[in-house]
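K.L.:
Sharing a structure with you now.
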Amino acid sequence: MVKDYILVEGLVVKASIGVYEWEQKIEQTLVVDLSVETSFQQAAADDNIDETISYAWLAEQLSLRIQATHYALLETLINELSDWLKVLKGVVGFELTLRKPGAVANTESVGVRRVFNRH
C-alpha cells in the first residue's frame, strides 16, 4: 500500500496570538509544519496539478487563516485549522504542528500538534 503526503514545513507566519493584554497589541512569529496524507497518483500519472492539493495553495491558505483574527490559545487556532483541513477534498489525514518560538525562556519553541486520520 502506497501512502502519499503533501508537505509544508517551516512556514513562518506573523500572527496575533496570546492570552496576555500585551500580546494582543503585537504580532508574534508562529512556525507551521503540515503533512497531509492524500493520493497524488493520478496527478503524477497525468502530470497535472489540478489533480492534487497544491502545497503553495496550502501554505497561502494557512497564512491567511492564521492572520485572519486574534487567537488567545494555540489550541484554539489548531482546532480551527484542523476543522478546515478535515473538509478539504482528498485529505485522508494530516499532522499539523504550530510552534511559538521564544515564547518560554530556555526553550527553542513551544507548541501544539494535532494528528487526524480517517482510517
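Letters A, B, ... mark the chains of the C-alpha cells in the order given; residue numbers begin at 1 per chain; ligand numbers begin at 1, in order shown.
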Residues of chain A in strand (DSSP E) according to DSSP, as a PyMOL selection string?
P.N.:
chain A and resi 4-15+28-38+93-101+109-117
K.L.:
I need the helix (DSSP H, G or I) residues of chain A per DSSP on the backbone, written as a ChimeraX atom specification.
P.N.:
/A:21-25,41-46,49-51,55-67,74-86
K.L.:
Pick out the residues sitting within 10 Å of range 73-88 of chain A, and hand them over as a PyMOL selection string; count only C-alpha atoms, and ignore anything fewer than 2 positions along from it in its own chain.
P.N.:
chain A and resi 17-19+30+36+53+58+61-62+65-66+69-71+90-100+110-118
K.L.:
Could you tell me how far CA of Ala45 in chain A lies from CA of Ala59 in chain A, in Å and to one decimal?
P.N.:
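CA of Ala59 in chain A lies 24.0 Å from CA of Ala45 in chain A.
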K.L.:
Find the residue from A:Ala43, A:Val104, A:Ile49, A:Leu34 that sits nearest to Glu9 in chain A; use only C-alpha atoms when measuring.
P.N.:
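Of all the options, A:Leu34 lies closest to Glu9 in chain A.
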K.L.:
Do you know which residues are at most 7 Å from Glu27 in chain A counting only C-alpha atoms, after dropping those on the same chain fewer than 4 positions away, and could you put them as a PyMOL selection string?
P.N.:
chain A and resi 14-16
K.L.:
Output C-alpha atoms of each residue in that selection to a file, as a PDB file, in the first residue's frame.
P.N.:
ATOM      1  CA  LYS A  14       3.293  36.630  11.810  1.00  0.00           C
ATOM      2  CA  ALA A  15       0.191  36.293  13.974  1.00  0.00           C
ATOM      3  CA  SER A  16      -1.802  37.983  16.697  1.00  0.00           C
TER       4      SER A  16
END
K.L.:
For CA of Asp50 in chain A and CA of Lys3 in chain A, quote the distance in Å rounded to one decimal.
P.N.:
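According to the coordinates, CA of Asp50 in chain A and CA of Lys3 in chain A are separated by 19.1 Å.
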K.L.:
Closest to Thr29 in chain A among A:Met1, A:Ala68, A:Val8, A:Ala103, using only C-alpha atoms?
P.N.:
A:Ala103
K.L.:
Which of these, A:Ile26, A:Ala72, A:Val12, A:Ala105, has the shortest distance to Glu60 in chain A once you count only C-alpha atoms?
P.N.:
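Checking each candidate against Glu60 in chain A, we get A:Val12 as the closest.
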